[in-house]
>>> print(open('model-v7.cif').read())   # mmCIF, C-alpha atoms
data_data
#
loop_
_atom_site.label_atom_id
_atom_site.label_comp_id
_atom_site.auth_asym_id
_atom_site.auth_seq_id
_atom_site.Cartn_x
_atom_site.Cartn_y
_atom_site.Cartn_z
CA MET A 1 0.00 0.00 0.00
CA MET A 2 2.81 2.32 0.93
CA ARG A 3 4.40 1.69 -2.47
CA ILE A 4 1.20 2.74 -4.25
CA VAL A 5 1.02 6.04 -2.27
CA ILE A 6 4.66 6.86 -3.04
CA ALA A 7 4.11 6.18 -6.76
CA VAL A 8 1.06 8.48 -6.90
CA VAL A 9 2.95 11.31 -5.13
CA ALA A 10 5.85 10.91 -7.54
CA VAL A 11 3.51 11.27 -10.53
CA PHE A 12 1.98 14.55 -9.17
CA VAL A 13 5.42 16.00 -8.41
CA THR A 14 6.57 15.21 -11.97
CA LEU A 15 3.46 16.84 -13.50
CA GLY A 16 3.90 19.95 -11.31
CA LEU A 17 7.50 20.41 -12.34
CA ALA A 18 6.57 20.10 -16.00
CA ALA A 19 3.82 22.75 -15.70
CA PHE A 20 6.19 25.09 -13.88
CA GLY A 21 8.68 24.76 -16.75
CA VAL A 22 6.02 25.71 -19.30
CA VAL A 23 5.03 28.88 -17.36
CA VAL A 24 8.64 29.97 -17.01
CA ALA A 25 9.20 29.49 -20.71
CA GLN A 26 6.06 31.54 -21.60
CA ASN A 27 7.03 34.42 -19.31
CA ALA A 28 10.51 34.50 -20.82
CA ALA A 29 9.03 34.62 -24.31
CA GLY A 30 6.66 37.46 -23.31
CA ARG A 31 9.52 39.57 -21.99
CA ALA A 32 11.50 38.88 -25.13
CA SER A 33 8.53 40.09 -27.26
CA LEU A 34 8.33 43.39 -25.35
CA VAL A 35 12.04 44.01 -25.75
CA ALA A 36 11.84 43.16 -29.45
CA LEU A 37 8.90 45.58 -29.95
CA ALA A 38 10.72 48.42 -28.23
CA ALA A 39 13.88 47.75 -30.25
CA HIS A 40 11.85 47.77 -33.49
CA ALA A 41 10.15 51.06 -32.59
CA ILE A 42 13.47 52.73 -31.84
CA SER A 43 15.16 51.44 -35.00
CA SER A 44 12.17 52.59 -37.09
CA GLY A 45 12.39 56.17 -35.83
CA HIS A 46 9.06 56.09 -33.95
CA THR A 47 10.35 57.04 -30.54
CA ALA A 48 8.61 60.45 -30.72
CA ALA A 49 5.42 61.73 -32.28
CA ALA A 50 5.57 63.62 -35.55
CA PRO A 51 5.31 67.43 -35.13
CA VAL A 52 1.73 68.59 -35.06
CA VAL A 53 0.09 71.92 -35.76
CA THR A 54 -3.15 72.93 -34.15
CA HIS A 55 -6.17 74.01 -36.15
CA THR A 56 -7.78 77.02 -34.56
CA PRO A 57 -11.47 76.19 -34.07
CA THR A 58 -14.08 77.96 -36.11
CA ALA A 59 -17.85 78.08 -35.92
CA SER A 60 -20.05 76.07 -38.28
CA VAL A 61 -17.35 75.15 -40.74
CA GLY A 62 -16.32 71.79 -42.10
CA GLN A 63 -12.74 72.64 -43.01
CA ASN A 64 -10.55 74.89 -40.91
CA ALA A 65 -8.81 77.71 -42.76
CA VAL A 66 -6.65 78.95 -39.87
CA ILE A 67 -3.84 76.82 -38.50
CA LYS A 68 -1.63 77.82 -35.58
CA VAL A 69 2.03 77.35 -36.52
CA SER A 70 3.81 78.93 -33.58
CA ASP A 71 3.23 80.09 -30.05
CA THR A 72 5.22 81.74 -27.28
CA THR A 73 4.81 78.63 -25.14
CA ALA A 74 4.95 74.95 -26.11
CA GLY A 75 3.30 72.29 -24.00
CA THR A 76 3.72 68.51 -24.08
CA ALA A 77 1.17 65.74 -23.96
CA ALA A 78 2.06 62.04 -23.85
CA ALA A 79 0.51 59.81 -26.45
CA ALA A 80 -1.75 56.91 -25.48
CA PRO A 81 0.49 54.15 -24.11
CA ILE A 82 0.87 50.82 -25.85
CA GLN A 83 0.05 47.98 -23.48
CA LEU A 84 0.87 44.31 -24.00
CA ALA A 85 -0.70 41.70 -21.69
CA SER A 86 -0.02 42.71 -18.10
CA ALA A 87 3.26 44.49 -18.87
CA ALA A 88 3.89 48.05 -17.68
CA PRO A 89 2.74 50.68 -20.27
CA MET A 90 5.43 51.68 -22.75
CA THR A 91 5.12 55.26 -24.13
CA LEU A 92 6.45 55.59 -27.67
CA ALA A 93 5.23 59.13 -28.49
CA GLN A 94 5.75 62.40 -26.62
CA ASN A 95 6.01 66.16 -27.09
CA ALA A 96 2.77 66.57 -29.00
CA GLN A 97 1.58 70.17 -28.61
CA PRO A 98 -1.82 70.37 -26.90
CA PRO A 99 -4.66 72.28 -28.56
CA ARG A 100 -4.80 75.94 -27.60
CA ALA A 101 -8.04 76.99 -25.93
CA THR A 102 -9.84 79.87 -27.58
CA ALA A 103 -12.92 81.80 -26.66
CA SER A 104 -16.21 80.25 -27.78
CA ALA A 105 -14.39 77.49 -29.61
CA THR A 106 -15.09 73.87 -30.34
CA PRO A 107 -12.39 71.30 -29.46
CA ALA A 108 -9.34 71.72 -31.66
CA THR A 109 -8.24 69.13 -34.18
CA HIS A 110 -4.73 68.34 -35.32
CA SER A 111 -2.92 68.19 -38.63
CA THR A 112 0.52 66.94 -39.56
CA ALA A 113 0.95 69.65 -42.23
CA SER A 114 4.53 70.88 -42.41
CA THR A 115 5.45 74.57 -42.33
CA SER A 116 9.21 74.05 -42.60
CA SER A 117 9.24 74.99 -46.30
CA SER A 118 7.27 78.21 -45.87
CA PRO A 119 8.95 81.32 -47.35
CA TRP A 120 7.42 83.32 -44.50
CA PRO A 121 8.68 83.39 -40.89
CA THR A 122 6.80 80.74 -38.93
CA THR A 123 8.30 81.42 -35.51
CA VAL A 124 7.66 84.26 -33.10
CA PRO A 125 10.62 86.70 -33.28
CA GLN A 126 13.05 86.74 -30.38
CA CYS A 127 12.90 90.02 -28.50
CA ASN A 128 15.42 91.56 -26.13
CA ASN A 129 13.30 94.63 -25.41
CA PRO A 130 11.27 94.14 -22.20
CA ASP A 131 9.10 97.13 -23.10
CA ALA A 132 8.21 95.80 -26.54
CA LEU A 133 4.67 94.87 -27.47
CA GLY A 134 5.69 91.44 -28.75
CA MET A 135 3.75 88.65 -30.45
CA SER A 136 1.74 85.83 -28.93
CA ARG A 137 1.65 83.52 -31.96
CA ILE A 138 1.58 83.15 -35.73
CA VAL A 139 -1.31 81.63 -37.65
CA GLN A 140 -1.18 80.11 -41.09
CA ILE A 141 -4.08 80.85 -43.44
CA ASP A 142 -5.11 78.21 -45.96
CA THR A 143 -6.62 80.35 -48.70
CA THR A 144 -8.00 77.44 -50.73
CA GLY A 145 -11.42 78.45 -52.03
CA GLY A 146 -11.02 82.09 -50.99
CA PRO A 147 -12.06 82.26 -47.31
CA ALA A 148 -13.03 85.68 -45.94
CA PHE A 149 -11.99 87.26 -42.64
CA GLY A 150 -13.00 90.24 -40.53
CA THR A 151 -16.07 90.18 -38.32
CA GLU A 152 -17.31 93.52 -39.61
CA HIS A 153 -18.58 91.51 -42.58
CA PHE A 154 -17.75 87.84 -41.99
CA LYS A 155 -18.50 86.01 -38.74
CA GLN A 156 -17.34 82.50 -39.58
CA TYR A 157 -13.60 82.77 -38.95
CA ASP A 158 -13.02 84.54 -35.64
CA PHE A 159 -9.65 83.10 -34.67
CA LEU A 160 -8.49 85.67 -32.10
CA SER A 161 -8.73 85.34 -28.34
CA ASP A 162 -9.26 88.21 -25.93
CA LYS A 163 -6.44 90.77 -26.00
CA GLU A 164 -5.12 89.49 -29.33
CA ILE A 165 -4.77 91.82 -32.31
CA VAL A 166 -3.69 91.60 -35.93
CA LEU A 167 -2.06 94.71 -37.37
CA THR A 168 -2.88 95.46 -41.02
CA PHE A 169 -1.98 98.45 -43.17
CA ASP A 170 -3.47 99.59 -46.50
CA ASP A 171 -2.56 101.85 -49.41
CA GLY A 172 1.24 101.70 -49.22
CA PRO A 173 4.02 101.55 -49.82
CA TRP A 174 4.74 105.23 -49.42
CA PRO A 175 8.07 107.03 -48.81
CA GLU A 176 8.81 108.04 -45.22
CA ASN A 177 5.46 106.80 -43.86
CA THR A 178 5.98 103.10 -44.59
CA GLU A 179 9.55 103.32 -43.30
CA MET A 180 8.36 104.94 -40.05
CA VAL A 181 5.74 102.22 -39.55
CA LEU A 182 8.27 99.46 -40.23
CA LYS A 183 10.79 100.93 -37.80
CA ALA A 184 8.18 101.05 -35.02
CA LEU A 185 7.09 97.47 -35.71
CA GLN A 186 10.65 96.19 -35.60
CA ALA A 187 11.39 98.05 -32.37
CA ASN A 188 8.42 96.26 -30.81
CA CYS A 189 9.32 92.82 -32.22
CA VAL A 190 6.02 92.45 -34.09
CA ARG A 191 5.00 91.68 -37.64
CA ALA A 192 2.07 93.02 -39.64
CA THR A 193 0.27 92.47 -42.93
CA PHE A 194 0.46 95.14 -45.64
CA PHE A 195 -2.16 95.37 -48.40
CA GLU A 196 -0.33 97.32 -51.09
CA ILE A 197 -1.68 99.27 -54.04
CA GLY A 198 -0.10 97.99 -57.25
CA GLU A 199 0.79 101.39 -58.68
CA HIS A 200 2.39 102.47 -55.40
CA ALA A 201 4.44 99.28 -55.37
CA THR A 202 5.74 99.97 -58.89
CA TRP A 203 6.68 103.49 -57.86
CA HIS A 204 8.49 102.36 -54.72
CA PRO A 205 9.53 98.72 -55.12
CA GLU A 206 12.42 99.21 -52.71
CA LEU A 207 9.91 99.71 -49.89
CA THR A 208 8.06 96.52 -50.77
CA LYS A 209 11.35 94.62 -50.73
CA GLU A 210 12.24 96.17 -47.37
CA LEU A 211 8.97 94.98 -45.85
CA GLU A 212 9.48 91.50 -47.26
CA GLN A 213 13.03 91.28 -45.94
CA ALA A 214 11.78 92.33 -42.51
CA GLY A 215 9.42 89.34 -42.41
CA MET A 216 6.21 91.24 -42.98
CA THR A 217 3.34 89.62 -44.88
CA ILE A 218 2.44 91.40 -48.10
CA GLY A 219 -0.92 91.18 -49.85
CA SER A 220 -2.61 93.34 -52.50
CA HIS A 221 -5.20 96.11 -52.62
CA THR A 222 -6.00 96.48 -56.36
CA TRP A 223 -3.95 98.26 -59.00
CA SER A 224 -5.16 101.83 -58.43
CA HIS A 225 -7.57 101.75 -55.46
CA LYS A 226 -10.77 101.85 -57.47
CA ASP A 227 -14.14 101.16 -55.82
CA LEU A 228 -15.11 97.95 -57.60
CA ALA A 229 -18.75 98.25 -56.54
CA ARG A 230 -19.15 101.36 -58.72
CA ASN A 231 -19.24 101.80 -62.47
CA PRO A 232 -17.53 101.14 -64.76
CA TYR A 233 -16.33 98.15 -62.69
CA ALA A 234 -19.76 97.22 -61.35
CA LYS A 235 -21.07 96.58 -64.88
CA ASP A 236 -17.84 95.22 -66.35
CA ILE A 237 -16.51 92.27 -64.35
CA ASP A 238 -13.57 91.79 -66.71
CA LEU A 239 -12.43 95.35 -66.00
CA ALA A 240 -12.83 94.71 -62.28
CA LYS A 241 -10.79 91.50 -62.55
CA GLN A 242 -8.10 93.46 -64.35
CA GLU A 243 -7.95 95.98 -61.49
CA ILE A 244 -7.51 93.13 -59.01
CA GLU A 245 -5.03 91.10 -61.05
CA MET A 246 -2.81 93.98 -62.10
CA GLY A 247 -2.51 94.84 -58.42
CA VAL A 248 -1.46 91.29 -57.60
CA SER A 249 1.06 91.23 -60.45
CA ALA A 250 2.53 94.64 -59.60
CA VAL A 251 3.06 93.88 -55.91
CA HIS A 252 4.54 90.50 -56.79
CA MET A 253 6.97 92.14 -59.22
CA ALA A 254 7.97 94.77 -56.67
CA ALA A 255 8.65 92.15 -54.01
CA GLU A 256 10.70 90.03 -56.42
CA GLY A 257 9.57 87.09 -54.35
CA PRO A 258 6.47 85.34 -53.04
CA ILE A 259 3.60 87.42 -51.73
CA ALA A 260 0.51 86.25 -49.89
CA PRO A 261 -2.81 85.42 -51.59
CA PHE A 262 -4.39 88.02 -49.29
CA PHE A 263 -6.62 90.76 -50.73
CA ARG A 264 -8.58 93.67 -49.34
CA PHE A 265 -11.19 95.54 -51.38
CA PRO A 266 -10.88 99.35 -51.45
CA ASP A 267 -13.44 100.99 -49.16
CA LEU A 268 -14.41 97.45 -48.08
CA GLN A 269 -16.83 97.31 -51.02
CA MET A 270 -17.03 93.61 -51.92
CA PRO A 271 -19.25 92.62 -54.87
CA SER A 272 -20.34 88.99 -54.61
CA ALA A 273 -19.25 88.18 -58.16
CA LEU A 274 -15.71 89.31 -57.37
CA MET A 275 -15.71 87.42 -54.10
CA ALA A 276 -16.58 84.31 -56.09
CA TYR A 277 -13.81 85.08 -58.55
CA LEU A 278 -11.23 85.38 -55.77
CA GLY A 279 -12.41 81.98 -54.59
CA THR A 280 -11.45 80.46 -57.94
CA ARG A 281 -8.02 82.07 -57.53
CA ASN A 282 -7.57 80.77 -53.96
CA ILE A 283 -7.15 84.32 -52.71
CA ALA A 284 -8.49 85.19 -49.24
CA THR A 285 -10.55 88.34 -48.72
CA PHE A 286 -9.90 90.49 -45.66
CA SER A 287 -12.37 92.92 -44.19
CA THR A 288 -11.62 94.05 -40.63
CA ASP A 289 -12.79 93.72 -37.05
CA ILE A 290 -11.95 97.31 -36.17
CA ASP A 291 -11.76 100.10 -38.73
CA THR A 292 -9.73 102.87 -37.11
CA PHE A 293 -10.77 105.45 -39.76
CA ASP A 294 -7.27 106.84 -39.43
CA PHE A 295 -7.53 108.27 -42.97
CA LYS A 296 -9.91 110.87 -41.53
CA LEU A 297 -7.55 111.84 -38.70
CA ARG A 298 -4.74 114.35 -38.95
CA LYS A 299 -3.16 114.13 -35.49
CA PRO A 300 -1.23 111.15 -34.13
CA GLN A 301 -2.98 111.40 -30.74
CA ASP A 302 -6.36 111.11 -32.48
CA VAL A 303 -5.22 107.90 -34.21
CA ILE A 304 -4.13 106.46 -30.85
CA LYS A 305 -7.41 107.45 -29.23
CA SER A 306 -9.43 105.86 -32.04
CA VAL A 307 -7.56 102.54 -31.79
CA MET A 308 -7.52 102.26 -28.01
CA THR A 309 -11.17 103.30 -27.57
CA LYS A 310 -12.45 100.79 -30.11
CA LEU A 311 -10.22 98.03 -28.78
CA ALA A 312 -11.40 98.63 -25.23
CA LYS A 313 -14.94 98.02 -26.44
CA ASN A 314 -14.18 95.05 -28.68
CA GLY A 315 -11.42 93.41 -26.63
CA LYS A 316 -9.53 92.07 -29.65
CA GLY A 317 -9.51 92.34 -33.41
CA ILE A 318 -7.98 92.72 -36.84
CA LEU A 319 -7.08 96.42 -37.01
CA LEU A 320 -7.35 98.35 -40.28
CA MET A 321 -4.87 101.22 -40.57
CA HIS A 322 -2.99 102.93 -43.40
CA ASP A 323 0.77 103.27 -43.76
CA PHE A 324 -0.08 105.81 -46.47
CA GLN A 325 -1.25 108.22 -43.74
CA HIS A 326 1.45 110.33 -42.09
CA ALA A 327 -0.49 110.76 -38.84
CA THR A 328 -0.65 106.98 -38.51
CA ALA A 329 3.07 106.63 -39.17
CA GLU A 330 3.81 109.27 -36.53
CA ALA A 331 1.47 107.59 -34.06
CA MET A 332 2.94 104.09 -34.34
CA PRO A 333 5.69 104.18 -31.66
CA ASP A 334 3.35 105.55 -28.97
CA LEU A 335 0.41 103.46 -30.15
CA LEU A 336 2.38 100.21 -29.89
CA HIS A 337 3.56 101.24 -26.44
CA GLN A 338 -0.01 101.93 -25.32
CA LEU A 339 -1.08 98.53 -26.64
CA HIS A 340 1.72 96.93 -24.63
CA LEU A 341 0.69 98.73 -21.44
CA ALA A 342 -2.92 97.59 -21.98
CA GLY A 343 -1.83 93.96 -22.24
CA TYR A 344 -2.47 93.34 -25.93
CA LYS A 345 -0.43 90.87 -27.98
CA VAL A 346 0.02 90.71 -31.74
CA VAL A 347 -0.90 87.67 -33.83
CA GLY A 348 0.96 87.37 -37.13
CA MET A 349 -0.65 85.95 -40.28
CA VAL A 350 1.16 83.98 -42.98
CA PRO A 351 -0.34 82.08 -45.92
CA LYS A 352 -0.05 78.36 -46.52
CA PHE A 353 1.12 79.00 -50.08
CA PRO A 354 2.01 82.06 -52.20
CA VAL A 355 -0.20 83.73 -54.75
CA THR A 356 0.23 82.88 -58.40
CA THR A 357 0.11 85.67 -60.96
CA ILE A 358 -1.42 85.48 -64.43
CA PRO A 359 0.99 86.25 -67.31
CA LYS A 360 -1.61 88.33 -69.15
CA TYR A 361 -1.76 90.81 -66.27
CA ASP A 362 1.99 90.69 -65.66
CA ASP A 363 2.35 91.96 -69.22
CA MET A 364 -0.22 94.70 -68.60
CA VAL A 365 1.76 95.95 -65.62
CA ARG A 366 4.97 96.01 -67.65
CA ALA A 367 3.22 97.83 -70.50
CA ASP A 368 1.88 100.45 -68.07
CA ASP A 369 5.39 101.50 -67.08
CA LYS A 370 5.49 104.94 -68.66
CA TYR A 371 9.24 105.18 -68.20
CA SER A 372 10.14 101.81 -69.70
CA SER A 373 12.33 101.85 -72.78
CA SER A 374 12.80 99.31 -75.52
CA ASN A 375 16.47 100.29 -75.43
CA ASN A 376 16.86 98.99 -71.86
CA THR A 377 17.23 95.32 -72.71
CA ARG A 378 20.81 94.67 -71.51
CA PRO A 379 21.51 93.65 -67.90
CA GLU A 380 22.56 96.48 -65.61
CA ASN A 381 26.03 95.09 -64.90
CA SER A 382 26.83 95.20 -68.60
CA VAL A 383 25.73 98.84 -68.89
CA VAL A 384 26.97 100.36 -65.63
CA LYS A 385 30.33 99.40 -64.10
CA THR A 386 32.26 100.90 -61.21
CA ILE A 387 35.72 101.86 -62.49
CA SER A 388 36.95 103.82 -59.47
CA GLN A 389 36.19 103.78 -55.78
#
>>> encode(input="model-v7.cif", output="structure tokens")
Amino acid sequence: MMRIVIAVVAVFVTLGLAAFGVVVAQNAAGRASLVALAAHAISSGHTAAAPVVTHTPTASVGQNAVIKVSDTTAGTAAAAPIQLASAAPMTLAQNAQPPRATASATPATHSTASTSSSPWPTTVPQCNNPDALGMSRIVQIDTTGGPAFGTEHFKQYDFLSDKEIVLTFDDGPWPENTEMVLKALQANCVRATFFEIGEHATWHPELTKELEQAGMTIGSHTWSHKDLARNPYAKDIDLAKQEIEMGVSAVHMAAEGPIAPFFRFPDLQMPSALMAYLGTRNIATFSTDIDTFDFKLRKPQDVIKSVMTKLAKNGKGILLMHDFQHATAEAMPDLLHQLHLAGYKVVGMVPKFPVTTIPKYDDMVRADDKYSSSNNTRPENSVVKTISQ
């Protein structure tokens, strides 16, 4: 009997040892799988998330037109961990920028669109001046389909938060005034958008180039500042298109580089047919949030009062001013200082892609040059040479 008991015990012990060996082998294989997965992720370059840009929320719109591409602060948010069996979570993605909260906004979405190839500055400028106004962020505008901005006329894209402003200037470039405005902007480490008149740009292309080199965004404001809602343009859409396109071509030529597909109608008169046309050209229309009416003001202090009073009521906004106006140019240093003291920050705008010109209108701009000469066909360095210095 004793022999039978011993035999049974021996059988159970043998089975237990065999089961234990199987468990040990499985655990070892599981740990090896985790190590192999981590090694594969590292060797494949997936140890960090791809850079993301945050779409600024908009109301009642299927496709966002405004994308944030820079900010003064960058947060981090860990990606969802990958979990295998009962192993500890292994995080393979980090440093994804969280969506920026905006007033009356829906939850932000993300895009992996790259801005590294943009010809426009996509980072907030460094500033060593503690008294400068400074910028809070830069937004990229996707002008596909011709979106429209400025709550005075268009409510859909309101991408600014409280105390944020966009500085825009019309009717330039103009000697002395544009230079004074640019100097004040640079001293305050901020960038602005300039809607230039085509003729003015052909008269003073050096000013357009100076703005471009300073990192400003340059759009267009027609060829000769005609009200396109009035005749003869109101009854002749081809003539109105010519006024728009010659302006685009002229500013592009003056810049000798990419300009933004940003357009502002003179006097903010925006015929629907021309709005539709700009949509086919993927050119965005800009109205304004706050019209300063600085063209009616002759004293710098009145310009400052107009801006600050309207901003105090509105709290934020795209500001419409004119670098053509001398009072505005004189007001800029003090105005930017007052904005700084009141806690405002500038948001810069850049386009997702540059405007394309139409050769037909490029030729019209060249033909309009009253001082061009058929004799001036040789390059400058073959005509003019320095022989003594």
>>> resolve_selection(input="model-v7.cif", expression="the PyMOL selection byres ((chain A and resi 207) around 10)", output="number ranges by chain")
A: 172-176, 178-179, 182, 200-206, 208-213, 254-255
>>> closest_residue(input="model-v7.cif", among="A:Pro351, A:Pro300, A:Pro266, A:Gly343", to="A:Ala329", atoms="all atoms listed in the file")
A:Pro300
>>> closest_residue(input="model-v7.cif", among="A:Leu320, A:Val166, A:Leu341, A:Ile358", to="A:Pro130", atoms="all atoms listed in the file")
A:Leu341
>>> closest_residue(input="model-v7.cif", among="A:Leu274, A:Met349, A:Asp171, A:Pro261", to="A:Gln242", atoms="only C-alpha atoms")
A:Leu274
>>> atom_distance(input="model-v7.cif", atom1="atom CA of A:Asn314", atom2="atom CA of A:Asp302")
18.3 Å
>>> closest_residue(input="model-v7.cif", among="A:Val248, A:Val181, A:Ala273, A:Val350", to="A:Asp236", atoms="all atoms listed in the file")
A:Ala273
>>> resolve_selection(input="model-v7.cif", expression="the PyMOL selection byres ((chain A and resi 141-154) around 6)", output="number ranges by chain")
A: 65-66, 140, 155-156, 278-279, 282-289, 351-352
>>> atom_distance(input="model-v7.cif", atom1="atom CA of A:Glu196", atom2="atom CA of A:Ser220")
4.8 Å
>>> resolve_selection(input="model-v7.cif", expression="the PyMOL selection byres ((chain A and resi 223-231) around 7)", output="list of chain:residue names")
A:Ile197, A:Gly198, A:Glu199, A:His221, A:Thr222, A:Pro232, A:Tyr233, A:Ala234, A:Lys235, A:Ala240, A:Glu243, A:Ile244, A:Met246, A:Gly247, A:Pro266, A:Asp267, A:Gln269, A:Met270, A:Pro271
>>> atom_distance(input="model-v7.cif", atom1="atom CA of A:Val190", atom2="atom CA of A:Lys313")
23.0 Å
>>> residues_around(input="model-v7.cif", residues="A:Asp294", least_positions_apart="5", cutoff="8 Å", atoms="all atoms listed in the file", output="list in words")
Val303, Ser306, Met321, His322, Gln325, Ala327 and Thr328 of chain A
>>> build_atoms(input="model-v7.cif", residues="stretch 249-262 of chain A", atoms="N, CA and C atoms", output="compact mmCIF listing (two decimals), in the coordinates of the input")
# COMPACT_ATOMS: atom_id res chain seq x y z
N SER A 249 -0.16 91.35 -59.65
CA SER A 249 1.06 91.23 -60.45
C SER A 249 2.08 92.30 -60.08
N ALA A 250 1.62 93.53 -59.89
CA ALA A 250 2.53 94.64 -59.60
C ALA A 250 3.22 94.46 -58.25
N VAL A 251 2.47 94.08 -57.24
CA VAL A 251 3.06 93.88 -55.91
C VAL A 251 4.03 92.70 -55.93
N HIS A 252 3.66 91.66 -56.66
CA HIS A 252 4.54 90.50 -56.79
C HIS A 252 5.85 90.88 -57.47
N MET A 253 5.76 91.69 -58.53
CA MET A 253 6.97 92.14 -59.22
C MET A 253 7.84 93.00 -58.32
N ALA A 254 7.21 93.89 -57.56
CA ALA A 254 7.97 94.77 -56.67
C ALA A 254 8.70 93.99 -55.60
N ALA A 255 8.04 92.96 -55.08
CA ALA A 255 8.65 92.15 -54.01
C ALA A 255 9.78 91.29 -54.54
N GLU A 256 9.72 90.94 -55.82
CA GLU A 256 10.70 90.03 -56.42
C GLU A 256 10.78 88.72 -55.63
N GLY A 257 9.64 88.31 -55.14
CA GLY A 257 9.57 87.09 -54.35
C GLY A 257 8.12 86.78 -54.05
N PRO A 258 7.86 85.73 -53.30
CA PRO A 258 6.47 85.34 -53.04
C PRO A 258 5.72 86.37 -52.20
N ILE A 259 4.48 86.61 -52.57
CA ILE A 259 3.60 87.42 -51.73
C ILE A 259 2.39 86.57 -51.37
N ALA A 260 1.63 87.03 -50.41
CA ALA A 260 0.51 86.25 -49.89
C ALA A 260 -0.72 86.37 -50.79
N PRO A 261 -1.52 85.32 -50.90
CA PRO A 261 -2.81 85.42 -51.59
C PRO A 261 -3.85 86.05 -50.67
N PHE A 262 -3.52 87.25 -50.17
CA PHE A 262 -4.39 88.02 -49.29
C PHE A 262 -4.82 89.27 -50.05
